[in-house]
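> Contents of work04.cif (mmCIF, C-alpha atoms and all ligand atoms) are given next:
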```
data_start
loop_
_atom_site.label_atom_id
_atom_site.label_comp_id
_atom_site.auth_asym_id
_atom_site.auth_seq_id
_atom_site.Cartn_x
_atom_site.Cartn_y
_atom_site.Cartn_z
CA MET A 16 0.82 19.50 37.82
CA ARG A 17 -0.85 20.49 34.56
CA HIS A 18 2.20 19.20 32.71
CA VAL A 19 1.98 15.84 34.50
CA ARG A 20 -1.72 15.55 33.67
CA GLU A 21 -0.99 16.27 30.00
CA ILE A 22 1.68 13.58 29.85
CA GLY A 23 -0.77 11.15 31.47
CA ALA A 24 -3.44 11.94 28.90
CA ALA A 25 -0.98 11.53 26.00
CA SER A 26 0.21 8.14 27.22
CA ARG A 27 -3.38 7.00 27.71
CA LEU A 28 -4.07 7.84 24.07
CA SER A 29 -1.04 5.96 22.78
CA LEU A 30 -1.91 3.03 25.08
CA SER A 31 -5.38 2.95 23.56
CA ILE A 32 -3.98 3.03 19.99
CA GLY A 33 -1.56 0.22 20.89
CA GLN A 34 -4.32 -1.87 22.43
CA ARG A 35 -6.46 -1.48 19.31
CA ALA A 36 -3.56 -2.63 17.11
CA VAL A 37 -3.02 -5.77 19.21
CA ALA A 38 -6.79 -6.40 19.36
CA ALA A 39 -7.02 -6.15 15.54
CA LEU A 40 -4.19 -8.67 15.10
CA HIS A 41 -5.86 -10.96 17.61
CA GLN A 42 -9.17 -10.70 15.73
CA GLU A 43 -7.41 -11.68 12.52
CA LEU A 44 -5.77 -14.66 14.24
CA VAL A 45 -9.02 -16.05 15.70
CA LEU A 46 -11.00 -15.65 12.46
CA TYR A 47 -11.83 -18.96 10.71
CA PRO A 48 -11.92 -20.15 7.99
CA LYS A 49 -9.01 -18.22 6.41
CA PRO A 50 -7.44 -19.95 3.38
CA GLY A 51 -4.01 -21.40 4.24
CA LEU A 52 -3.59 -19.14 7.28
CA VAL A 53 -3.00 -19.97 10.94
CA SER A 54 -6.02 -19.77 13.27
CA LEU A 55 -7.07 -21.33 16.58
CA VAL A 56 -8.53 -24.26 14.62
CA ASP A 57 -5.45 -25.31 12.63
CA ASN A 58 -2.07 -24.19 11.26
CA GLY A 59 -3.24 -23.82 7.68
CA ALA A 60 -0.34 -24.25 5.27
CA HIS A 61 2.29 -23.60 7.97
CA ASP A 62 4.36 -26.33 9.60
CA ASP A 63 6.62 -24.05 11.64
CA MET A 64 3.98 -22.03 13.54
CA ASP A 65 0.61 -22.29 15.24
CA ALA A 66 -1.77 -20.00 17.12
CA VAL A 67 0.44 -20.17 20.23
CA THR A 68 3.40 -18.85 18.21
CA PHE A 69 1.21 -15.91 17.12
CA LEU A 70 0.01 -15.27 20.68
CA ARG A 71 3.61 -15.26 21.98
CA SER A 72 4.53 -12.83 19.23
CA LEU A 73 1.55 -10.57 20.00
CA PHE A 74 2.48 -10.57 23.68
CA ALA A 75 6.00 -9.45 22.75
CA LEU A 76 4.62 -6.67 20.52
CA ARG A 77 2.19 -5.06 23.01
CA ARG A 78 4.57 -2.27 23.90
CA TYR A 79 5.73 -1.63 20.30
CA PHE A 80 2.40 -0.34 18.98
CA GLN A 81 2.08 2.01 21.95
CA ASP A 82 5.66 3.22 21.52
CA ILE A 83 5.26 3.89 17.81
CA ALA A 84 2.01 5.79 18.48
CA ASP A 85 3.97 7.86 21.02
CA ALA A 86 6.68 8.49 18.43
CA GLY A 87 3.97 9.64 16.01
CA MET A 88 2.63 12.04 18.65
CA GLY A 89 6.06 13.61 18.81
CA ALA A 90 6.28 13.80 14.97
CA ALA A 91 9.39 11.58 15.10
CA PRO A 92 11.30 11.10 11.83
CA PHE A 93 10.99 7.78 9.95
CA SER A 94 14.45 6.75 11.21
CA GLU A 95 12.96 6.60 14.72
CA LEU A 96 9.92 4.57 13.56
CA GLN A 97 12.30 2.25 11.75
CA ARG A 98 14.41 1.82 14.88
CA LEU A 99 11.29 0.86 16.85
CA GLY A 100 10.18 -1.47 14.00
CA ILE A 101 13.53 -3.26 13.82
CA ALA A 102 13.64 -3.65 17.63
CA ALA A 103 10.08 -5.06 17.50
CA GLU A 104 11.09 -7.55 14.79
CA THR A 105 13.94 -8.67 17.04
CA ARG A 106 11.55 -9.15 19.97
CA MET A 107 9.11 -11.03 17.72
CA LEU A 108 11.87 -13.40 16.54
CA LYS A 109 13.02 -13.98 20.12
CA ALA A 110 9.45 -14.75 21.23
CA THR A 111 8.78 -17.16 18.34
CA GLY A 112 12.16 -18.90 18.15
CA GLY A 113 13.05 -17.20 14.86
CA ILE A 114 9.70 -17.42 13.06
CA ASN A 115 8.23 -14.49 11.13
CA THR A 116 4.72 -14.08 12.48
CA HIS A 117 4.17 -10.32 12.27
CA ARG A 118 6.79 -8.66 10.06
CA GLY A 119 4.23 -7.21 7.65
CA ALA A 120 2.01 -6.01 10.49
CA ILE A 121 4.91 -4.40 12.37
CA PHE A 122 5.50 -2.28 9.28
CA CYS A 123 2.01 -1.55 8.03
CA ILE A 124 0.05 -1.28 11.31
CA GLY A 125 3.10 0.40 12.88
CA LEU A 126 2.94 3.23 10.33
CA LEU A 127 -0.81 3.62 10.77
CA ALA A 128 -0.46 3.65 14.57
CA ALA A 129 2.20 6.36 14.28
CA ALA A 130 -0.14 8.40 12.08
CA ALA A 131 -2.95 7.91 14.59
CA GLY A 132 -0.65 9.19 17.35
CA PHE A 133 0.36 12.20 15.27
CA ARG A 134 -3.25 13.15 14.55
CA VAL A 135 -4.79 12.47 17.95
CA ALA A 136 -2.13 14.59 19.66
CA ARG A 137 -3.12 17.51 17.41
CA GLY A 138 -6.88 17.10 17.81
CA LEU A 139 -7.20 15.94 14.18
CA SER A 140 -9.72 13.37 12.99
CA LEU A 141 -8.86 9.70 12.63
CA VAL A 142 -10.83 9.01 9.45
CA PRO A 143 -8.97 6.45 7.31
CA ASP A 144 -8.14 8.82 4.40
CA ALA A 145 -6.62 11.31 6.79
CA LEU A 146 -4.53 8.64 8.53
CA VAL A 147 -3.06 7.47 5.24
CA GLY A 148 -2.47 11.09 4.22
CA THR A 149 -0.46 11.62 7.40
CA VAL A 150 1.68 8.51 6.74
CA LEU A 151 2.59 9.87 3.31
CA ASP A 152 3.00 13.54 4.31
CA GLN A 153 5.10 12.80 7.37
CA TRP A 154 7.12 9.75 6.34
CA GLY A 155 6.48 9.00 2.63
CA ASP A 156 9.74 10.44 1.29
CA ALA A 157 11.83 8.66 3.92
CA ILE A 158 10.03 5.32 3.35
CA ALA A 159 10.81 5.63 -0.37
CA ALA A 160 14.44 6.53 0.34
CA ALA A 161 14.83 3.64 2.81
CA ALA A 162 13.50 1.18 0.21
CA GLY A 163 16.72 1.47 -1.81
CA ALA A 164 18.87 0.52 1.18
CA ALA A 165 16.65 -2.28 2.53
CA PRO A 166 18.21 -5.72 3.05
CA ALA A 167 17.29 -8.68 0.84
CA SER A 168 14.03 -10.43 1.78
CA HIS A 169 11.53 -12.84 0.25
CA GLY A 170 9.27 -9.86 -0.43
CA ARG A 171 11.95 -7.76 -2.14
CA ARG A 172 12.93 -10.65 -4.38
CA MET A 173 9.28 -11.17 -5.39
CA VAL A 174 8.78 -7.44 -6.04
CA ALA A 175 11.81 -7.45 -8.34
CA ARG A 176 11.04 -10.76 -10.08
CA PHE A 177 7.31 -10.20 -10.67
CA ARG A 178 7.25 -6.37 -10.63
CA ALA A 179 4.77 -6.76 -7.81
CA ARG A 180 3.56 -4.13 -5.35
CA GLY A 181 4.84 -5.51 -2.03
CA ALA A 182 4.34 -4.24 1.52
CA ARG A 183 6.51 -1.14 1.04
CA GLU A 184 4.97 -0.27 -2.31
CA GLU A 185 1.44 -0.63 -0.90
CA ALA A 186 2.29 1.89 1.81
CA LEU A 187 3.87 4.29 -0.67
CA ALA A 188 0.86 4.09 -2.99
CA GLY A 189 -1.36 5.20 -0.06
CA PHE A 190 -2.47 1.69 0.99
CA PRO A 191 -4.84 1.27 -2.00
CA THR A 192 -5.87 -2.30 -1.16
CA LEU A 193 -6.62 -1.34 2.43
CA MET A 194 -8.58 1.78 1.42
CA GLU A 195 -10.34 0.67 -1.75
CA VAL A 196 -10.90 -3.01 -1.04
CA ALA A 197 -10.53 -4.12 2.58
CA LEU A 198 -12.31 -1.27 4.40
CA PRO A 199 -15.27 -0.95 2.00
CA ALA A 200 -15.82 -4.73 2.11
CA LEU A 201 -15.70 -4.69 5.92
CA LYS A 202 -18.16 -1.81 6.20
CA ASP A 203 -20.57 -2.81 3.42
CA THR A 204 -20.81 -6.43 4.52
CA PHE A 205 -21.38 -5.46 8.14
CA ALA A 206 -24.09 -2.99 7.06
CA LEU A 207 -25.73 -5.74 5.00
CA LEU A 208 -25.48 -8.70 7.36
CA GLY A 209 -24.78 -7.21 10.80
CA CYS A 210 -22.16 -9.91 11.40
CA ALA A 211 -18.54 -8.98 12.18
CA GLU A 212 -17.24 -12.49 11.49
CA ARG A 213 -18.70 -12.65 7.99
CA ALA A 214 -17.65 -9.05 7.28
CA ARG A 215 -14.04 -10.02 8.08
CA VAL A 216 -14.10 -13.14 5.93
CA GLN A 217 -15.58 -11.14 3.03
CA SER A 218 -12.92 -8.46 3.44
CA LEU A 219 -10.13 -11.08 3.47
CA PHE A 220 -11.39 -12.72 0.27
CA ALA A 221 -11.80 -9.31 -1.43
CA VAL A 222 -8.16 -8.53 -0.57
CA MET A 223 -6.97 -11.97 -1.72
CA ALA A 224 -8.67 -11.32 -5.06
CA ARG A 225 -6.62 -8.15 -5.59
CA LEU A 226 -3.39 -7.93 -3.56
CA ASP A 227 0.07 -8.67 -4.98
CA ASP A 228 0.67 -10.90 -1.96
CA THR A 229 4.42 -11.56 -1.92
CA ASN A 230 3.92 -14.48 0.49
CA LEU A 231 1.92 -16.25 -2.24
CA LEU A 232 4.48 -15.33 -4.90
CA HIS A 233 7.29 -16.64 -2.70
CA ARG A 234 5.59 -19.95 -1.99
CA GLY A 235 3.79 -20.58 -5.28
CA GLY A 236 5.16 -18.18 -7.89
CA ALA A 237 2.81 -16.47 -10.35
CA ASP A 238 0.69 -19.65 -10.53
CA GLY A 239 0.23 -19.68 -6.74
CA LEU A 240 -0.93 -16.06 -6.71
CA ALA A 241 -3.24 -16.65 -9.70
CA PHE A 242 -4.71 -19.77 -8.05
CA VAL A 243 -5.70 -17.90 -4.90
CA ARG A 244 -6.96 -14.86 -6.82
CA THR A 245 -9.11 -16.92 -9.17
CA HIS A 246 -10.70 -18.86 -6.33
CA ALA A 247 -11.24 -15.74 -4.23
CA VAL A 248 -12.99 -14.07 -7.18
CA ALA A 249 -15.17 -17.17 -7.66
CA PHE A 250 -16.10 -17.09 -3.95
CA LEU A 251 -17.09 -13.42 -4.22
CA GLU A 252 -19.01 -13.94 -7.47
CA ALA A 253 -20.99 -16.79 -5.88
CA GLY A 254 -22.32 -14.28 -3.33
CA GLY A 255 -19.40 -14.23 -0.92
CA VAL A 256 -20.42 -14.58 2.73
CA ALA A 257 -24.04 -13.77 1.86
CA ALA A 258 -24.38 -17.16 0.14
CA PRO A 259 -25.91 -19.85 2.36
CA ASP A 260 -23.00 -22.24 1.73
CA TRP A 261 -20.26 -19.59 2.24
CA ARG A 262 -18.52 -21.45 5.04
CA ALA A 263 -18.27 -24.71 3.09
CA ARG A 264 -16.92 -22.81 0.05
CA ALA A 265 -14.33 -20.96 2.15
CA LEU A 266 -13.26 -24.28 3.68
CA VAL A 267 -12.76 -25.83 0.25
CA LEU A 268 -10.28 -23.07 -0.62
CA HIS A 269 -8.65 -23.40 2.82
CA HIS A 270 -7.96 -27.10 2.19
CA ALA A 271 -6.84 -26.44 -1.40
CA CYS A 272 -4.33 -23.87 -0.10
CA ILE A 273 -3.05 -26.32 2.53
CA ALA A 274 -2.59 -28.98 -0.18
CA ARG A 275 -0.60 -26.49 -2.30
CA HIS A 276 1.35 -25.03 0.64
CA LEU A 277 -0.07 -21.55 -0.10
CA SER A 278 -0.74 -18.89 2.55
CA PRO A 279 -1.88 -15.31 1.84
CA GLY A 280 -0.02 -13.72 4.79
CA GLY A 281 0.07 -10.25 3.23
CA SER A 282 -3.71 -10.35 2.77
CA ALA A 283 -4.11 -11.30 6.44
CA ASP A 284 -2.00 -8.26 7.37
CA ILE A 285 -4.21 -5.95 5.28
CA LEU A 286 -7.33 -7.38 6.95
CA ALA A 287 -5.81 -6.73 10.39
CA ALA A 288 -4.89 -3.19 9.29
CA ALA A 289 -8.50 -2.62 8.17
CA ILE A 290 -9.88 -3.86 11.51
CA PHE A 291 -7.40 -1.56 13.29
CA VAL A 292 -8.23 1.52 11.20
CA GLN A 293 -11.96 0.88 11.59
CA SER A 294 -11.59 0.58 15.37
CA LEU A 295 -10.05 4.07 15.47
CA ASP A 296 -13.02 5.61 13.63
CA PRO A 297 -15.98 3.31 14.37
C1 LIG B 1 8.83 -3.29 4.60
C2 LIG B 1 8.95 -4.60 5.32
C3 LIG B 1 7.54 -5.09 5.57
C4 LIG B 1 9.77 -5.61 4.50
O1 LIG B 1 9.02 -6.02 3.42
P1 LIG B 1 9.57 -6.96 2.29
O2 LIG B 1 8.52 -7.04 1.25
O3 LIG B 1 10.92 -6.50 1.83
O4 LIG B 1 9.84 -8.32 3.04
P2 LIG B 1 9.12 -9.60 3.58
O5 LIG B 1 9.23 -10.76 2.67
O6 LIG B 1 9.70 -9.80 4.92
O7 LIG B 1 7.54 -9.26 3.62
C5 LIG B 1 7.01 -8.64 4.66
C6 LIG B 1 5.55 -9.02 4.94
O8 LIG B 1 4.64 -8.11 4.31
C7 LIG B 1 3.38 -8.71 4.12
N1 LIG B 1 3.00 -8.57 2.70
C8 LIG B 1 3.25 -9.36 1.65
N2 LIG B 1 2.77 -8.84 0.52
C9 LIG B 1 2.19 -7.69 0.86
C10 LIG B 1 1.54 -6.68 0.12
N3 LIG B 1 1.41 -6.75 -1.22
N4 LIG B 1 1.07 -5.61 0.78
C11 LIG B 1 1.20 -5.51 2.10
N5 LIG B 1 1.82 -6.43 2.86
C12 LIG B 1 2.32 -7.50 2.24
C13 LIG B 1 3.55 -10.15 4.50
O9 LIG B 1 3.10 -10.36 5.80
C14 LIG B 1 5.04 -10.36 4.48
O10 LIG B 1 5.46 -11.39 5.36
C15 LIG B 1 9.49 -4.48 6.71
O11 LIG B 1 9.76 -5.78 7.19
C16 LIG B 1 10.72 -3.63 6.94
O12 LIG B 1 11.13 -2.75 6.24
N6 LIG B 1 11.31 -3.95 8.03
C17 LIG B 1 12.43 -3.23 8.55
C18 LIG B 1 11.99 -2.54 9.80
C19 LIG B 1 11.24 -1.27 9.50
O13 LIG B 1 11.61 -0.45 8.66
N7 LIG B 1 10.17 -1.05 10.18
C20 LIG B 1 9.41 0.12 9.97
C21 LIG B 1 8.56 0.37 11.14
S1 LIG B 1 7.27 1.41 10.74
N1 LIG B 2 -3.00 -15.86 10.49
C1 LIG B 2 -1.86 -15.86 9.80
N2 LIG B 2 -1.31 -17.03 9.40
C2 LIG B 2 -0.17 -17.04 8.70
N3 LIG B 2 0.52 -15.94 8.32
C3 LIG B 2 0.02 -14.75 8.70
C4 LIG B 2 -1.17 -14.66 9.44
N4 LIG B 2 -1.41 -13.37 9.69
C5 LIG B 2 -0.43 -12.67 9.12
N5 LIG B 2 0.46 -13.48 8.50
C6 LIG B 2 1.64 -13.00 7.79
O1 LIG B 2 2.27 -13.97 6.97
C7 LIG B 2 3.68 -13.96 7.14
C8 LIG B 2 4.19 -15.38 7.38
O2 LIG B 2 4.18 -16.10 6.20
P1 LIG B 2 5.37 -17.09 5.74
O3 LIG B 2 5.70 -18.05 6.81
O4 LIG B 2 4.91 -17.63 4.41
O5 LIG B 2 6.54 -16.06 5.51
P2 LIG B 2 8.08 -16.18 5.55
O6 LIG B 2 8.56 -16.50 6.92
O7 LIG B 2 8.51 -14.87 4.97
O8 LIG B 2 8.43 -17.35 4.51
P3 LIG B 2 8.61 -18.96 4.61
O9 LIG B 2 8.21 -19.39 6.01
O10 LIG B 2 7.66 -19.45 3.56
O11 LIG B 2 10.05 -19.18 4.30
C9 LIG B 2 3.98 -13.06 8.31
O12 LIG B 2 4.76 -11.96 7.91
C10 LIG B 2 2.67 -12.56 8.80
O13 LIG B 2 2.64 -11.15 8.90
#
```
Could you render the structure as structure tokens?

Amino acid sequence: MRHVREIGAASRLSLSIGQRAVAALHQELVLYPKPGLVSLVDNGAHDDMDAVTFLRSLFALRRYFQDIADAGMGAAPFSELQRLGIAAETRMLKATGGINTHRGAIFCIGLLAAAAGFRVARGLSLVPDALVGTVLDQWGDAIAAAAGAAPASHGRRMVARFRARGAREEALAGFPTLMEVALPALKDTFALLGCAERARVQSLFAVMARLDDTNLLHRGGADGLAFVRTHAVAFLEAGGVAAPDWRARALVLHHACIARHLSPGGSADILAAAIFVQSLDP
């Protein structure tokens, strides 16, 4: 009986981690304005997907984040996390008719959810630094080894062509943009303004100003990345979301990104990861 109760408690914990991951991705989706990105208001710079495509994808991924947290609880090797990640990508593509809505999030939030599972099962804290430490201690070597054998992708080509730090490299470097940019912006702006919406927009722009977003490199080359970075920096320097005209300024960049077919999808993933990590350690 005790054994059964323990299993029940463990699955409740992984369910809760999984629910927070899906909630974070949902919060990113419904945020507006987000330069070039899909939201409930419009499709941004995307002609092959809309908010419904993202919601279908999220629905298909509910179980994945719980499963990967469970795998983390059992200290599964990276090969098992990768198997779950690849199966989740397949389910995402089936749900969206072949469109990549959440590939970056499956990887990045998947790893963080596994680390959360590992730590919670051992009574360890879920502070962000510790979570990232667990990703690297448990799976860092295997992530690095798997990188060599990974199939070709837009991201890989951009990493090679521009010597950029793509999704895999961000994880291996200890998620520096998440830890040093996205989370502090989220926390500091919320402390200052008491508004979750503006804290998220500020965090997104702070990430856009810094990340080697391979989605931007793929769509717009070095000029596309520089365009978004320069305008994100200008938004922040003009006071960011604390400026009275912040919404109008964010909308100007949104429309400029649509006109140039630019979308900072990697930055959106880092924002969702920050919302997720913060929800584990409020
Ligand atoms: C490592 C992944 C993300 C592939 O990345 P890669 O850069 O090669 O390819 P791709 O062009 O598909 O980009 C992936 C996505 O990452 C996001 N992204 C882009 N730039 C960045 C960045 N600098 N930092 C973080 N995320 C980024 C974007 O959403 C982008 O769409 C991943 O898809 C993968 O390895 N999949 C195989 C399944 C797997 O191993 N899963 C692991 C489960 S934990
Ligand atoms: N709200 C959002 N709107 C658009 N993209 C997002 C959003 N949130 C996250 N993303 C990320 O952006 C990526 C989708 O961007 P994009 O369509 O440019 O990529 P692609 O399918 O690799 O390339 P392309 O369609 O340009 O050939 C997804 O991996 C997804 O994780």
> So that I can see what lies close to Ala162 in chain A, please list as a CSV table (one decimal) with C-alpha atoms, in the coordinates of the input the residues with an atom at most 12 Å from it, counting only C-alpha atoms and leaving out residues fewer than 3 positions away in the same chain.

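Saved result, part-v4.csv, follows:
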```
chain,number,residue,atom,x,y,z
A,97,GLN,CA,12.3,2.2,11.8
A,155,GLY,CA,6.5,9.0,2.6
A,156,ASP,CA,9.7,10.4,1.3
A,157,ALA,CA,11.8,8.7,3.9
A,158,ILE,CA,10.0,5.3,3.4
A,159,ALA,CA,10.8,5.6,-0.4
A,165,ALA,CA,16.6,-2.3,2.5
A,166,PRO,CA,18.2,-5.7,3.0
A,167,ALA,CA,17.3,-8.7,0.8
A,168,SER,CA,14.0,-10.4,1.8
A,170,GLY,CA,9.3,-9.9,-0.4
A,171,ARG,CA,12.0,-7.8,-2.1
A,174,VAL,CA,8.8,-7.4,-6.0
A,181,GLY,CA,4.8,-5.5,-2.0
A,182,ALA,CA,4.3,-4.2,1.5
A,183,ARG,CA,6.5,-1.1,1.0
A,184,GLU,CA,5.0,-0.3,-2.3
A,186,ALA,CA,2.3,1.9,1.8
A,187,LEU,CA,3.9,4.3,-0.7
```
> Produce as a PyMOL selection string the set of residues near ligand LIG 2 (chain B), where near means within 7 Å with only C-alpha atoms and all ligand atoms considered.
chain A and resi 43-44+52-54+61+114-120+169+230+233-234+278-281+283-284
> Tell me, as a PyMOL selection string, which residues lie within 9 Å of range 219-227 of chain A, counting only C-alpha atoms; anything in the same chain fewer than 2 positions away does not count.
chain A and resi 49-50+174+179-182+192-193+196-197+200-201+214-217+229-232+240-241+243-248+250-251+255+265+279+281-283+285-286
> Point out the residue among A:Arg262, A:Arg137, A:Arg71, A:Arg172 with the least atom-to-atom distance to ligand LIG 1 (chain B), counting only C-alpha atoms and all ligand atoms.
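Looking at the shortest contact to ligand LIG 1 (chain B), the residue is A:Arg172.
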> Report as number ranges by chain all protein, DNA and RNA residues lying within 10 Å of range 27-40 of chain A, evaluated on all atoms listed in the file, omitting residues in the same chain fewer than 2 positions from it.
A: 21-25, 42-45, 69-70, 73-74, 76-88, 117, 120-121, 124-125, 127-129, 131-133, 135-136, 283-284, 286-295
> Using only C-alpha atoms, pick whichever of A:Val142, A:Ala110, A:Met173, A:Leu126 has the shortest atom-to-atom distance to Trp154 in chain A.
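Answer, going by the shortest atom-to-atom distance: A:Leu126.
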> So, counting only C-alpha atoms and all ligand atoms, which residue among A:Glu104, A:Glu212, A:Asp62, A:Asp228 is closest to ligand LIG 1 (chain B)?
A:Asp228
> Which of these residues is nearest to Ala237 in chain A, using all atoms listed in the file: A:His41, A:Arg176, A:Arg134, A:Lys109?
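Ranking A:His41, A:Arg176, A:Arg134, A:Lys109 by distance to Ala237 in chain A, first place goes to A:Arg176.
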> Ranking A:Trp261, A:Phe122, A:Phe93, A:Tyr47 by minimum distance to ligand LIG 1 (chain B) and counting all atoms listed in the file, which one comes first?
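Closest residue, counting all atoms listed in the file: A:Phe122.
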> Quick one, how far is atom C6 of ligand LIG 1 (chain B) from CA of Leu151 in chain A?
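Here the two named atoms are 19.2 Å from each other.
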> Identify which of the residues A:Arg264, A:Arg178, A:His276, A:His270 lies closest to ligand LIG 1 (chain B), counting all atoms listed in the file when measuring atom-to-atom distances.
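Comparing A:Arg264, A:Arg178, A:His276, A:His270 against ligand LIG 1 (chain B), the winner is A:Arg178.
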> One number please: CA of Arg213 in chain A to CA of Ala257 in chain A, in Å, one decimal.
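A separation of 8.2 Å between them.
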> One number please: atom N5 of ligand LIG 1 (chain B) to CA of Leu141 in chain A, in Å, one decimal.
21.7 Å
